[in-house]
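**Q** Provided below: upload_32.txt, containing compact mmCIF, C-alpha atoms (C1' of nucleotides).
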# COMPACT_ATOMS: atom_id res chain seq x y z
CA MET T 261 0.00 0.00 0.00
CA LYS T 262 1.34 3.38 -0.98
CA SER T 263 1.83 5.88 1.79
CA TYR T 264 -0.88 8.24 0.57
CA GLU T 265 -3.28 5.30 0.57
CA LYS T 266 -2.39 4.61 4.16
CA VAL T 267 -3.03 8.25 5.05
CA PHE T 268 -6.46 8.06 3.48
CA VAL T 269 -7.39 4.70 4.99
CA ASP T 270 -6.35 5.90 8.43
CA PHE T 271 -8.34 9.08 7.95
CA LEU T 272 -11.43 7.08 7.01
CA LYS T 273 -11.09 4.72 9.97
CA ARG T 274 -10.58 7.63 12.36
CA ASN T 275 -13.83 9.15 11.13
CA ASN T 276 -15.86 5.95 10.92
CA LEU T 277 -16.04 6.18 7.16
CA LYS T 278 -15.81 3.24 4.80
CA LEU T 279 -13.16 2.46 2.23
CA THR T 280 -15.28 1.91 -0.84
CA HIS T 281 -14.42 1.12 -4.43
CA PRO T 282 -15.35 4.56 -5.77
CA ARG T 283 -13.24 6.23 -3.08
CA SER T 284 -10.22 4.10 -4.03
CA ILE T 285 -10.69 4.82 -7.71
CA ILE T 286 -10.92 8.56 -7.04
CA LEU T 287 -7.85 8.51 -4.80
CA GLN T 288 -5.81 6.78 -7.50
CA ALA T 289 -7.01 9.18 -10.17
CA VAL T 290 -6.13 12.21 -8.06
CA PHE T 291 -2.63 10.89 -7.50
CA ARG T 292 -2.14 10.39 -11.19
CA ASN T 293 -2.45 14.20 -11.44
CA HIS T 294 0.74 15.27 -9.78
CA ASP T 295 0.13 18.88 -10.61
CA HIS T 296 -3.05 20.93 -10.58
CA PHE T 297 -6.44 19.66 -11.65
CA ASP T 298 -10.08 20.66 -11.65
CA ILE T 299 -12.88 18.29 -10.79
CA GLU T 300 -14.58 18.20 -14.19
CA THR T 301 -11.30 17.10 -15.78
CA LEU T 302 -10.82 14.53 -13.04
CA TYR T 303 -14.36 13.32 -13.72
CA ASP T 304 -13.57 12.79 -17.39
CA GLN T 305 -10.35 10.95 -16.57
CA ILE T 306 -12.12 8.61 -14.18
CA ARG T 307 -14.98 8.03 -16.62
CA VAL T 308 -12.62 6.59 -19.25
CA GLU T 309 -12.13 3.43 -17.20
CA HIS T 310 -14.93 3.61 -14.67
CA LYS T 311 -18.20 4.60 -16.29
CA ASN T 312 -20.13 3.87 -13.13
CA VAL T 313 -18.48 6.40 -10.81
CA SER T 314 -20.79 9.36 -10.49
CA ARG T 315 -20.01 13.04 -10.47
CA ALA T 316 -21.70 13.32 -7.06
CA THR T 317 -19.34 10.81 -5.50
CA ILE T 318 -16.31 12.64 -6.84
CA TYR T 319 -17.57 15.92 -5.46
CA ARG T 320 -18.25 14.15 -2.16
CA THR T 321 -14.81 12.56 -1.99
CA ILE T 322 -12.69 15.62 -2.77
CA PRO T 323 -13.47 17.33 0.57
CA LEU T 324 -12.45 14.12 2.34
CA LEU T 325 -9.06 14.20 0.60
CA VAL T 326 -8.71 17.84 1.62
CA GLU T 327 -9.59 17.02 5.22
CA ALA T 328 -7.13 14.13 5.18
CA GLY T 329 -4.42 16.62 4.18
CA LEU T 330 -3.69 14.97 0.85
CA ILE T 331 -4.80 17.72 -1.50
CA LYS T 332 -5.75 21.35 -1.23
CA ASN T 333 -7.67 23.94 -3.15
CA PRO T 334 -5.17 26.65 -3.99
CA LEU T 335 -6.97 28.75 -6.54
CA ARG T 336 -9.80 29.32 -8.95
CA GLN T 337 -9.33 29.53 -12.68
CA GLU T 338 -11.91 29.86 -15.43
CA SER T 339 -14.78 29.59 -12.93
CA LYS T 340 -13.52 26.27 -11.62
CA ASP T 341 -11.91 25.31 -8.34
CA ARG T 342 -8.45 23.92 -8.93
CA TYR T 343 -6.85 21.44 -6.56
CA GLU T 344 -3.36 20.16 -6.12
CA TYR T 345 -1.67 17.18 -4.60
CA ILE T 346 0.10 18.36 -1.45
CA TYR T 347 0.96 15.16 0.40
CA GLY T 348 4.69 15.24 0.96
CA HIS T 349 4.97 18.69 -0.62
CA ARG T 350 6.00 21.80 1.21
CA ASP T 351 3.70 24.81 1.12
CA HIS T 352 4.61 27.09 -1.73
CA LEU T 353 3.34 30.00 -3.70
CA HIS T 354 1.92 30.13 -7.21
CA LEU T 355 2.87 32.46 -10.00
CA VAL T 356 -0.07 32.34 -12.39
CA CYS T 357 0.35 33.73 -15.90
CA SER T 358 -2.66 35.81 -16.85
CA LYS T 359 -1.99 35.24 -20.56
CA CYS T 360 -1.39 31.50 -20.87
CA SER T 361 -2.68 30.29 -17.48
CA LYS T 362 0.60 28.53 -16.77
CA ILE T 363 1.29 27.96 -13.08
CA ILE T 364 4.83 28.26 -11.76
CA GLU T 365 5.45 26.98 -8.27
CA ALA T 366 7.96 28.57 -5.97
CA GLY T 367 8.76 27.73 -2.40
CA SER T 368 9.89 30.25 0.12
CA LYS T 369 10.85 29.79 3.71
CA GLN T 370 11.30 33.52 3.99
CA ILE T 371 7.66 34.12 3.12
CA GLU T 372 6.57 31.62 5.72
CA LYS T 373 8.69 33.31 8.32
CA LEU T 374 7.25 36.71 7.48
CA LEU T 375 3.70 35.40 7.58
CA ALA T 376 4.32 33.84 10.97
CA GLU T 377 5.50 37.21 12.28
CA ILE T 378 2.52 39.06 10.86
CA ALA T 379 0.09 36.48 12.23
CA GLN T 380 1.60 36.74 15.67
CA LYS T 381 1.14 40.50 15.59
CA HIS T 382 -2.60 39.95 15.08
CA ASP T 383 -2.96 36.98 17.45
CA PHE T 384 -3.94 34.89 14.46
CA ARG T 385 -3.22 31.18 14.18
CA ILE T 386 -2.34 30.24 10.62
CA GLU T 387 -3.86 27.01 9.35
CA GLU T 388 -2.82 27.35 5.75
CA TYR T 389 -2.00 29.99 3.23
CA ASN T 390 -2.47 30.50 -0.47
CA LEU T 391 -0.11 32.86 -2.09
CA VAL T 392 -1.24 33.60 -5.59
CA VAL T 393 0.63 36.09 -7.68
CA SER T 394 -0.77 37.01 -11.10
CA GLY T 395 1.35 38.40 -13.87
CA ILE T 396 3.06 37.54 -17.12
CA CYS T 397 5.43 34.61 -17.49
CA LYS T 398 8.77 34.69 -19.28
CA LYS T 399 7.43 33.07 -22.47
CA CYS T 400 4.52 35.49 -22.84
CA LEU T 401 6.76 38.46 -22.07
CA ASN T 402 8.96 37.53 -25.02
CA LYS T 403 6.08 37.39 -27.48
CA MET I 245 -16.69 65.53 -7.92
CA LYS I 246 -14.97 63.04 -5.64
CA SER I 247 -11.57 61.81 -6.74
CA TYR I 248 -12.73 58.25 -7.30
CA GLU I 249 -15.48 59.61 -9.54
CA LYS I 250 -12.89 61.47 -11.56
CA VAL I 251 -10.85 58.28 -11.92
CA PHE I 252 -13.88 56.45 -13.25
CA VAL I 253 -15.00 59.23 -15.58
CA ASP I 254 -11.50 59.50 -17.01
CA PHE I 255 -11.34 55.76 -17.44
CA LEU I 256 -14.64 55.74 -19.34
CA LYS I 257 -13.59 58.62 -21.61
CA ARG I 258 -10.26 56.98 -22.34
CA ASN I 259 -12.11 53.85 -23.44
CA ASN I 260 -14.92 55.54 -25.35
CA LEU I 261 -17.48 54.37 -22.81
CA LYS I 262 -20.39 56.41 -21.62
CA LEU I 263 -21.11 57.72 -18.15
CA THR I 264 -24.62 56.45 -17.59
CA HIS I 265 -26.97 56.68 -14.63
CA PRO I 266 -26.70 53.01 -13.67
CA ARG I 267 -22.90 53.23 -13.76
CA SER I 268 -22.95 56.24 -11.41
CA ILE I 269 -25.36 54.54 -9.03
CA ILE I 270 -23.19 51.42 -8.93
CA LEU I 271 -20.03 53.43 -8.37
CA GLN I 272 -21.60 55.24 -5.41
CA ALA I 273 -22.89 52.00 -3.94
CA VAL I 274 -19.49 50.36 -4.21
CA PHE I 275 -17.86 53.25 -2.42
CA ARG I 276 -20.35 53.06 0.41
CA ASN I 277 -18.82 49.62 1.09
CA HIS I 278 -15.44 50.60 2.37
CA ASP I 279 -14.57 47.04 3.22
CA HIS I 280 -15.28 43.83 1.36
CA PHE I 281 -18.47 43.04 -0.48
CA ASP I 282 -19.92 40.45 -2.80
CA ILE I 283 -22.03 41.32 -5.82
CA GLU I 284 -25.29 39.79 -4.63
CA THR I 285 -25.14 41.92 -1.47
CA LEU I 286 -24.29 44.98 -3.54
CA TYR I 287 -27.26 44.17 -5.75
CA ASP I 288 -29.59 44.12 -2.75
CA GLN I 289 -28.17 47.39 -1.44
CA ILE I 290 -28.67 49.11 -4.79
CA ARG I 291 -32.16 47.67 -5.17
CA VAL I 292 -33.37 49.38 -1.98
CA GLU I 293 -33.27 52.78 -3.68
CA HIS I 294 -33.00 51.90 -7.35
CA LYS I 295 -35.37 49.13 -8.30
CA ASN I 296 -34.65 49.60 -11.98
CA VAL I 297 -30.93 48.77 -11.96
CA SER I 298 -30.53 45.24 -13.21
CA ARG I 299 -28.27 42.48 -11.99
CA ALA I 300 -26.73 42.25 -15.45
CA THR I 301 -25.62 45.87 -15.40
CA ILE I 302 -23.99 45.44 -12.02
CA TYR I 303 -22.11 42.37 -13.22
CA ARG I 304 -21.12 44.34 -16.31
CA THR I 305 -19.91 47.37 -14.37
CA ILE I 306 -17.78 45.61 -11.76
CA PRO I 307 -15.09 44.57 -14.28
CA LEU I 308 -14.91 48.19 -15.43
CA LEU I 309 -14.22 49.32 -11.88
CA VAL I 310 -11.54 46.65 -11.62
CA GLU I 311 -9.97 47.77 -14.89
CA ALA I 312 -10.10 51.37 -13.71
CA GLY I 313 -8.07 50.32 -10.67
CA LEU I 314 -10.77 51.27 -8.17
CA ILE I 315 -11.60 47.87 -6.76
CA LYS I 316 -10.17 44.40 -6.91
CA ASN I 317 -11.25 40.85 -6.38
CA PRO I 318 -9.12 39.57 -3.54
CA LEU I 319 -10.79 36.32 -2.58
CA ARG I 320 -13.65 33.89 -2.79
CA GLN I 321 -15.83 33.01 0.15
CA GLU I 322 -18.92 30.81 0.30
CA SER I 323 -18.86 30.32 -3.47
CA LYS I 324 -18.99 34.04 -4.11
CA ASP I 325 -16.37 36.42 -5.45
CA ARG I 326 -15.60 39.13 -2.93
CA TYR I 327 -14.35 42.56 -3.95
CA GLU I 328 -12.82 45.41 -2.08
CA TYR I 329 -12.30 49.09 -2.54
CA ILE I 330 -8.59 49.67 -3.29
CA TYR I 331 -8.45 53.22 -4.61
CA GLY I 332 -6.03 55.04 -2.36
CA HIS I 333 -5.30 51.86 -0.41
CA ARG I 334 -1.98 50.12 -0.40
CA ASP I 335 -1.78 46.46 -1.32
CA HIS I 336 -2.12 44.27 1.70
CA LEU I 337 -2.75 40.73 2.72
CA HIS I 338 -5.83 39.15 4.22
CA LEU I 339 -6.06 36.99 7.29
CA VAL I 340 -9.36 35.14 6.94
CA CYS I 341 -10.83 33.41 9.97
CA SER I 342 -12.12 29.98 9.00
CA LYS I 343 -14.55 29.96 11.95
CA CYS I 344 -16.26 33.36 11.81
CA SER I 345 -15.24 34.50 8.28
CA LYS I 346 -13.84 37.73 9.66
CA ILE I 347 -11.22 39.37 7.46
CA ILE I 348 -8.22 41.10 9.03
CA GLU I 349 -6.14 43.25 6.75
CA ALA I 350 -2.42 43.59 7.18
CA GLY I 351 0.05 45.49 5.07
CA SER I 352 3.58 44.39 4.49
CA LYS I 353 6.28 46.06 2.49
CA GLN I 354 8.56 43.17 3.37
CA ILE I 355 6.25 40.70 1.65
CA GLU I 356 6.17 42.85 -1.45
CA LYS I 357 9.93 43.00 -1.50
CA LEU I 358 10.21 39.24 -1.16
CA LEU I 359 7.70 38.63 -3.92
CA ALA I 360 9.58 40.95 -6.22
CA GLU I 361 12.75 38.96 -5.61
CA ILE I 362 11.03 35.64 -6.23
CA ALA I 363 9.38 36.93 -9.39
CA GLN I 364 12.69 38.15 -10.72
CA LYS I 365 14.19 34.73 -10.15
CA HIS I 366 11.51 33.26 -12.44
CA ASP I 367 11.51 36.08 -15.02
CA PHE I 368 7.93 36.76 -14.04
CA ARG I 369 6.35 40.21 -14.18
CA ILE I 370 3.94 40.70 -11.28
CA GLU I 371 0.67 42.43 -12.13
CA GLU I 372 -1.03 41.92 -8.82
CA TYR I 373 -1.02 39.56 -5.91
CA ASN I 374 -3.54 38.17 -3.49
CA LEU I 375 -2.18 36.97 -0.22
CA VAL I 376 -4.80 35.02 1.63
CA VAL I 377 -3.97 33.34 4.89
CA SER I 378 -6.59 31.14 6.50
CA GLY I 379 -6.63 30.36 10.18
CA ILE I 380 -8.31 31.20 13.46
CA CYS I 381 -8.68 34.75 14.74
CA LYS I 382 -8.05 35.89 18.30
CA LYS I 383 -11.72 35.92 19.27
CA CYS I 384 -12.40 32.39 18.03
CA LEU I 385 -9.20 31.10 19.64
CA ASN I 386 -10.45 32.30 23.02
CA LYS I 387 -13.78 30.50 22.73
C1' DG Y 204 -20.41 -17.94 4.69
C1' DC Y 205 -24.99 -15.04 5.98
C1' DC Y 206 -27.71 -11.64 8.35
C1' DT Y 207 -28.19 -6.66 9.86
C1' DT Y 208 -27.15 -2.08 10.64
C1' DT Y 209 -25.08 1.65 8.90
C1' DT Y 210 -23.03 4.30 5.45
C1' DA Y 211 -22.26 5.25 0.57
C1' DT Y 212 -23.66 5.33 -4.12
C1' DG Y 213 -25.65 6.64 -8.84
C1' DA Y 214 -28.78 9.12 -11.56
C1' DG Y 215 -30.88 12.84 -12.24
C1' DA Y 216 -33.08 17.02 -10.30
C1' DT Y 217 -31.92 21.34 -8.28
C1' DT Y 218 -29.42 25.47 -7.00
C1' DG Y 219 -27.33 29.73 -7.71
C1' DA Y 220 -23.58 32.79 -9.18
C1' DG Y 221 -22.45 34.62 -13.24
C1' DT Y 222 -23.30 35.39 -18.45
C1' DC Y 223 -25.82 36.19 -22.57
C1' DT Y 224 -29.59 37.93 -25.71
C1' DC Y 225 -32.11 41.37 -27.85
C1' DA Y 226 -35.53 44.87 -28.35
C1' DA Y 227 -35.90 49.31 -26.36
C1' DA Y 228 -33.72 53.30 -24.24
C1' DA Y 229 -30.11 56.46 -23.16
C1' DT Y 230 -25.85 58.96 -24.39
C1' DC Y 231 -23.35 62.48 -26.78
C1' DA Y 232 -21.11 64.60 -30.78
C1' DA Y 233 -22.44 67.18 -34.55
C1' DT X 46 -32.63 67.84 -32.53
C1' DT X 47 -30.94 64.32 -34.84
C1' DG X 48 -28.95 59.92 -35.41
C1' DA X 49 -25.13 56.72 -35.00
C1' DT X 50 -23.61 54.09 -31.30
C1' DT X 51 -23.50 52.23 -26.87
C1' DT X 52 -25.98 50.64 -22.91
C1' DT X 53 -29.72 48.90 -20.49
C1' DG X 54 -33.34 45.73 -18.21
C1' DA X 55 -35.65 41.51 -18.00
C1' DG X 56 -35.41 37.21 -18.15
C1' DA X 57 -33.46 33.09 -20.39
C1' DC X 58 -29.45 30.47 -20.08
C1' DT X 59 -24.99 28.11 -18.47
C1' DC X 60 -22.53 25.16 -15.84
C1' DA X 61 -20.00 24.01 -11.57
C1' DA X 62 -21.45 22.33 -7.46
C1' DT X 63 -25.03 20.38 -4.29
C1' DC X 64 -28.96 17.76 -2.96
C1' DT X 65 -32.44 13.85 -2.96
C1' DC X 66 -33.67 9.35 -2.35
C1' DA X 67 -34.24 4.65 -3.59
C1' DT X 68 -30.81 1.13 -4.05
C1' DA X 69 -26.33 -0.97 -3.09
C1' DA X 70 -22.21 -1.96 -0.76
C1' DA X 71 -19.29 -2.26 3.52
C1' DA X 72 -18.03 -4.29 7.99
C1' DG X 73 -18.97 -6.37 12.33
C1' DG X 74 -21.31 -10.02 14.62
C1' DC X 75 -23.01 -14.66 14.37
In structure tokens, what does this structure look like?
**A**
Amino acid sequence: MKSYEKVFVDFLKRNNLKLTHPRSIILQAVFRNHDHFDIETLYDQIRVEHKNVSRATIYRTIPLLVEAGLIKNPLRQESKDRYEYIYGHRDHLHLVCSKCSKIIEAGSKQIEKLLAEIAQKHDFRIEEYNLVVSGICKKCLNK
Amino acid sequence: MKSYEKVFVDFLKRNNLKLTHPRSIILQAVFRNHDHFDIETLYDQIRVEHKNVSRATIYRTIPLLVEAGLIKNPLRQESKDRYEYIYGHRDHLHLVCSKCSKIIEAGSKQIEKLLAEIAQKHDFRIEEYNLVVSGICKKCLNK
DNA sequence: GCCTTTTATGAGATTGAGTCTCAAAATCAA
DNA sequence: TTGATTTTGAGACTCAATCTCATAAAAGGC
């Protein structure tokens, strides 16, 4: 069993939820998308091999994966929520190109440190952060 | 004429757009919300005094205000886009309480500086940034 | 294995924020 | 005032996301 599977199974057990076939299929599909994905695309991917998994179940399972700490919802593009695989990844920020929609990921310990300081100033306990910077990427700048 | 009105009027002229009654009404309503607002709430506020301004016109005018640099769309809460008045305000980051939905604003020149450095490293030209930090606010921590 | 209770599922209906359509109305330069 | 052009209101429409509910699958006890 892969380690992300263990995380999910443990999460389910802890919450008295059942490990069902659709949930396994969805978990595998999500982890085939190692970068960002939206649910409609995920739905289409799953449908290729598993015509009997419903849209409702996918939408019901995604919040479980978020709660289990395996994925998170970092941003919204083209009227769709976009998720990303975070298990084993450090938090990072996204540079989103407003021309070509490309997403560049960049980590920064310095940012984290700064945020921690700011939060402390406001007696705020950080749970997670989404740093989204919009602009123009190198490629589009050169066009 | 208030300075934000001048900004909008100039913007319209520059783009060969007309200053219409509905656009004025919407501008005034937006600037009565000095903090964050969503469009449905704005719609209700406008409707109290101006029953003939349509939802479509509000949705059509908001992007103009964004383009004019008067407001921006900093985050999404409860499946709704939330906007804020930025004319005359510095960029800042948002601390959003995941319990009570309260939004604390915090400025940070240091963050801006860091982002500029990171962007340069990736040959990325920043147009704008939204720094959203989720967590628990002071009040909710003490409950 | 086989019940039995509980939880999860699929299919399709529903919601609701946001967009689009188009005939009618308002704007503004001449 | 006129008339080309843009904008508007009302409601239809879109589509991601949620809900409903009868049926099905899971897991623990026998």
**Q** As a compact mmCIF listing (two decimals) with C-alpha atoms, keeping the file's coordinate frame, please: chain T after a least-squares superposition onto chain I using all C-alpha atoms matched in order.
**A**
# COMPACT_ATOMS: atom_id res chain seq x y z
CA MET T 261 -16.54 65.49 -8.04
CA LYS T 262 -14.83 63.02 -5.77
CA SER T 263 -11.47 61.74 -6.88
CA TYR T 264 -12.65 58.17 -7.42
CA GLU T 265 -15.40 59.55 -9.65
CA LYS T 266 -12.81 61.36 -11.68
CA VAL T 267 -10.79 58.15 -12.03
CA PHE T 268 -13.84 56.35 -13.33
CA VAL T 269 -14.96 59.11 -15.68
CA ASP T 270 -11.47 59.35 -17.14
CA PHE T 271 -11.35 55.59 -17.55
CA LEU T 272 -14.66 55.63 -19.41
CA LYS T 273 -13.61 58.47 -21.71
CA ARG T 274 -10.30 56.76 -22.45
CA ASN T 275 -12.19 53.66 -23.53
CA ASN T 276 -15.00 55.38 -25.41
CA LEU T 277 -17.54 54.25 -22.86
CA LYS T 278 -20.44 56.34 -21.63
CA LEU T 279 -21.10 57.68 -18.16
CA THR T 280 -24.62 56.46 -17.58
CA HIS T 281 -26.97 56.73 -14.64
CA PRO T 282 -26.73 53.06 -13.66
CA ARG T 283 -22.93 53.23 -13.77
CA SER T 284 -22.94 56.26 -11.44
CA ILE T 285 -25.35 54.60 -9.05
CA ILE T 286 -23.21 51.45 -8.94
CA LEU T 287 -20.02 53.45 -8.41
CA GLN T 288 -21.56 55.28 -5.46
CA ALA T 289 -22.87 52.07 -3.95
CA VAL T 290 -19.49 50.37 -4.22
CA PHE T 291 -17.82 53.28 -2.46
CA ARG T 292 -20.29 53.11 0.35
CA ASN T 293 -18.79 49.65 1.06
CA HIS T 294 -15.38 50.62 2.31
CA ASP T 295 -14.54 47.07 3.18
CA HIS T 296 -15.28 43.83 1.37
CA PHE T 297 -18.49 43.07 -0.46
CA ASP T 298 -20.02 40.50 -2.77
CA ILE T 299 -22.12 41.39 -5.76
CA GLU T 300 -25.41 39.90 -4.57
CA THR T 301 -25.22 42.03 -1.42
CA LEU T 302 -24.34 45.06 -3.51
CA TYR T 303 -27.34 44.27 -5.71
CA ASP T 304 -29.65 44.27 -2.70
CA GLN T 305 -28.21 47.55 -1.42
CA ILE T 306 -28.69 49.24 -4.77
CA ARG T 307 -32.21 47.84 -5.14
CA VAL T 308 -33.39 49.59 -1.97
CA GLU T 309 -33.26 52.98 -3.68
CA HIS T 310 -33.00 52.07 -7.34
CA LYS T 311 -35.42 49.32 -8.26
CA ASN T 312 -34.70 49.74 -11.94
CA VAL T 313 -30.98 48.88 -11.93
CA SER T 314 -30.61 45.34 -13.16
CA ARG T 315 -28.38 42.58 -11.92
CA ALA T 316 -26.87 42.30 -15.41
CA THR T 317 -25.72 45.91 -15.37
CA ILE T 318 -24.07 45.48 -11.99
CA TYR T 319 -22.24 42.40 -13.18
CA ARG T 320 -21.23 44.32 -16.30
CA THR T 321 -19.99 47.34 -14.36
CA ILE T 322 -17.87 45.56 -11.76
CA PRO T 323 -15.20 44.48 -14.29
CA LEU T 324 -14.99 48.10 -15.46
CA LEU T 325 -14.26 49.24 -11.90
CA VAL T 326 -11.61 46.53 -11.65
CA GLU T 327 -10.05 47.62 -14.94
CA ALA T 328 -10.12 51.24 -13.79
CA GLY T 329 -8.10 50.17 -10.73
CA LEU T 330 -10.76 51.17 -8.23
CA ILE T 331 -11.63 47.78 -6.81
CA LYS T 332 -10.22 44.29 -6.94
CA ASN T 333 -11.33 40.75 -6.41
CA PRO T 334 -9.20 39.43 -3.57
CA LEU T 335 -10.91 36.22 -2.61
CA ARG T 336 -13.84 33.85 -2.76
CA GLN T 337 -16.01 33.06 0.21
CA GLU T 338 -19.14 30.94 0.43
CA SER T 339 -19.16 30.38 -3.35
CA LYS T 340 -19.18 34.10 -4.05
CA ASP T 341 -16.53 36.41 -5.42
CA ARG T 342 -15.69 39.10 -2.91
CA TYR T 343 -14.40 42.50 -3.95
CA GLU T 344 -12.79 45.34 -2.11
CA TYR T 345 -12.27 49.02 -2.60
CA ILE T 346 -8.59 49.55 -3.35
CA TYR T 347 -8.40 53.10 -4.68
CA GLY T 348 -5.93 54.92 -2.49
CA HIS T 349 -5.17 51.76 -0.51
CA ARG T 350 -1.86 50.00 -0.47
CA ASP T 351 -1.73 46.33 -1.40
CA HIS T 352 -2.06 44.17 1.66
CA LEU T 353 -2.69 40.65 2.74
CA HIS T 354 -5.79 39.08 4.24
CA LEU T 355 -6.04 36.92 7.30
CA VAL T 356 -9.34 35.10 6.93
CA CYS T 357 -10.82 33.32 9.94
CA SER T 358 -12.12 29.92 8.95
CA LYS T 359 -14.54 29.89 11.89
CA CYS T 360 -16.23 33.29 11.78
CA SER T 361 -15.23 34.47 8.29
CA LYS T 362 -13.79 37.68 9.70
CA ILE T 363 -11.18 39.32 7.49
CA ILE T 364 -8.18 41.03 9.06
CA GLU T 365 -6.09 43.20 6.79
CA ALA T 366 -2.37 43.54 7.22
CA GLY T 367 0.09 45.44 5.11
CA SER T 368 3.64 44.39 4.62
CA LYS T 369 6.38 46.04 2.68
CA GLN T 370 8.63 43.13 3.53
CA ILE T 371 6.32 40.71 1.75
CA GLU T 372 6.27 42.91 -1.30
CA LYS T 373 10.03 43.05 -1.33
CA LEU T 374 10.31 39.28 -1.07
CA LEU T 375 7.78 38.75 -3.84
CA ALA T 376 9.67 41.13 -6.09
CA GLU T 377 12.84 39.11 -5.53
CA ILE T 378 11.13 35.81 -6.22
CA ALA T 379 9.47 37.17 -9.36
CA GLN T 380 12.77 38.43 -10.67
CA LYS T 381 14.28 34.99 -10.19
CA HIS T 382 11.60 33.58 -12.52
CA ASP T 383 11.57 36.47 -15.00
CA PHE T 384 7.99 37.12 -14.00
CA ARG T 385 6.40 40.56 -14.04
CA ILE T 386 4.02 40.98 -11.13
CA GLU T 387 0.75 42.73 -11.92
CA GLU T 388 -0.96 42.13 -8.62
CA TYR T 389 -0.94 39.70 -5.78
CA ASN T 390 -3.46 38.21 -3.41
CA LEU T 391 -2.12 36.95 -0.20
CA VAL T 392 -4.76 35.00 1.62
CA VAL T 393 -3.94 33.29 4.86
CA SER T 394 -6.59 31.07 6.46
CA GLY T 395 -6.63 30.27 10.13
CA ILE T 396 -8.31 31.08 13.41
CA CYS T 397 -8.67 34.61 14.72
CA LYS T 398 -8.00 35.72 18.29
CA LYS T 399 -11.69 35.75 19.28
CA CYS T 400 -12.38 32.23 18.01
CA LEU T 401 -9.18 30.93 19.59
CA ASN T 402 -10.42 32.10 22.99
CA LYS T 403 -13.75 30.31 22.70
**Q** Rounded to one decimal in Å, what is the spacing between atom CA of T:Tyr319 and atom CA of T:Cys360?
**A**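 It comes out at 27.2 Å.
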**Q** Please provide the set of residues having any atom within 7 Å of stretch 212-226 of chain Y, restricted to only C-alpha atoms (C1' of nucleotides), with same-chain residues fewer than 2 positions apart removed, written as a PyMOL selection string.
**A** (chain T and resi 314) or (chain I and resi 324) or (chain X and resi 69)
**Q** How would you write as a VMD selection string the residues that get within 9 Å of (10.7, 27.6, -3.2) in the file's frame, counting all atoms listed in the file?
**A** (chain T and resid 350 to 353 365 to 369) or (chain I and resid 362)
**Q** Name the residues in contact with stretch 325-332 of chain T at a cut-off of 6 Å, using all atoms listed in the file, excluding same-chain residues fewer than 4 positions from it; report them as a list of chain:residue names.
**A**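 Final neighbour list, sorted by chain and number: T:Phe271, T:Tyr343, T:Glu344, T:Tyr345, T:Ile346, T:Tyr347.
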**Q** Go through chain I and flag each residue having an atom no more than 9 Å from chain X; for those, report the closest pair of atoms plus their distance in Å to one decimal, using all atoms listed in the file, ordered by chain and rising number, as a tab-separated table.
**A**
residue	atom	partner	partner_atom	distance
I:Leu261	CA	X:DT51	C1'	7.6
I:Lys262	CA	X:DT51	C1'	7.4
I:Thr264	CA	X:DT52	C1'	8.0
I:Pro266	CA	X:DT53	C1'	8.5
I:Asn296	CA	X:DG54	C1'	7.5
I:Val297	CA	X:DG54	C1'	7.4
I:Ser298	CA	X:DG54	C1'	5.8
I:Arg299	CA	X:DG54	C1'	8.7
I:Ala300	CA	X:DG54	C1'	8.0
I:Thr301	CA	X:DT53	C1'	7.2
**Q** With C-alpha atoms retained, write the just-selected residues as a PDB file, in the frame of the given file.
**A**
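Final file, out-v7.pdb:
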ATOM      1  CA  LEU I 261     -17.480  54.370 -22.810  1.00  0.00           C
ATOM      2  CA  LYS I 262     -20.390  56.410 -21.620  1.00  0.00           C
ATOM      3  CA  THR I 264     -24.620  56.450 -17.590  1.00  0.00           C
ATOM      4  CA  PRO I 266     -26.700  53.010 -13.670  1.00  0.00           C
ATOM      5  CA  ASN I 296     -34.650  49.600 -11.980  1.00  0.00           C
ATOM      6  CA  VAL I 297     -30.930  48.770 -11.960  1.00  0.00           C
ATOM      7  CA  SER I 298     -30.530  45.240 -13.210  1.00  0.00           C
ATOM      8  CA  ARG I 299     -28.270  42.480 -11.990  1.00  0.00           C
ATOM      9  CA  ALA I 300     -26.730  42.250 -15.450  1.00  0.00           C
ATOM     10  CA  THR I 301     -25.620  45.870 -15.400  1.00  0.00           C
TER      11      THR I 301
END
**Q** Give one line per residue of chain T that approaches chain I to at most 10 Å, naming the two atoms of the closest pair and their distance in Å to one decimal, counting only C-alpha atoms; sort by chain then ascending residue number and deliver it as CSV.
**A**
residue,atom,partner,partner_atom,distance
T:Leu335,CA,I:Arg320,CA,9.2
T:Arg336,CA,I:Arg320,CA,8.6
T:Asp341,CA,I:Ser323,CA,9.9
T:Leu353,CA,I:Leu375,CA,9.5
T:His354,CA,I:Tyr373,CA,10.0
T:Leu355,CA,I:Phe368,CA,7.8
T:Val356,CA,I:Phe368,CA,9.3
T:Cys357,CA,I:Phe368,CA,8.4
T:Ser358,CA,I:Glu371,CA,8.8
T:Ile364,CA,I:His366,CA,8.4
T:Glu365,CA,I:His366,CA,9.7
T:Ala366,CA,I:Ile362,CA,7.7
T:Gly367,CA,I:Ile362,CA,9.1
T:Ser368,CA,I:Ile362,CA,8.4
T:Gln370,CA,I:Leu358,CA,7.8
T:Ile371,CA,I:Ile355,CA,6.9
T:Glu372,CA,I:Ile355,CA,10.0
T:Leu374,CA,I:Ile355,CA,7.1
T:Leu375,CA,I:Ile355,CA,8.4
T:Ile378,CA,I:Ala350,CA,7.6
T:Ala379,CA,I:Leu339,CA,7.9
T:Lys381,CA,I:Ala350,CA,9.6
T:His382,CA,I:Lys382,CA,7.5
T:Asp383,CA,I:Lys382,CA,5.3
T:Phe384,CA,I:Cys381,CA,4.8
T:Arg385,CA,I:Ile380,CA,5.1
T:Ile386,CA,I:Gly379,CA,4.3
T:Glu387,CA,I:Gly379,CA,4.4
T:Glu388,CA,I:Ser378,CA,5.4
T:Tyr389,CA,I:Val377,CA,4.2
T:Asn390,CA,I:Val376,CA,5.5
T:Leu391,CA,I:Leu375,CA,5.0
T:Val392,CA,I:Asn374,CA,5.5
T:Val393,CA,I:Tyr373,CA,4.2
T:Ser394,CA,I:Glu372,CA,5.4
T:Gly395,CA,I:Ile370,CA,4.3
T:Ile396,CA,I:Arg369,CA,5.2
T:Cys397,CA,I:Phe368,CA,4.8
T:Lys398,CA,I:Asp367,CA,5.3
T:Lys399,CA,I:Asp367,CA,9.0
T:Cys400,CA,I:Phe368,CA,9.5
T:Leu401,CA,I:Arg369,CA,8.1
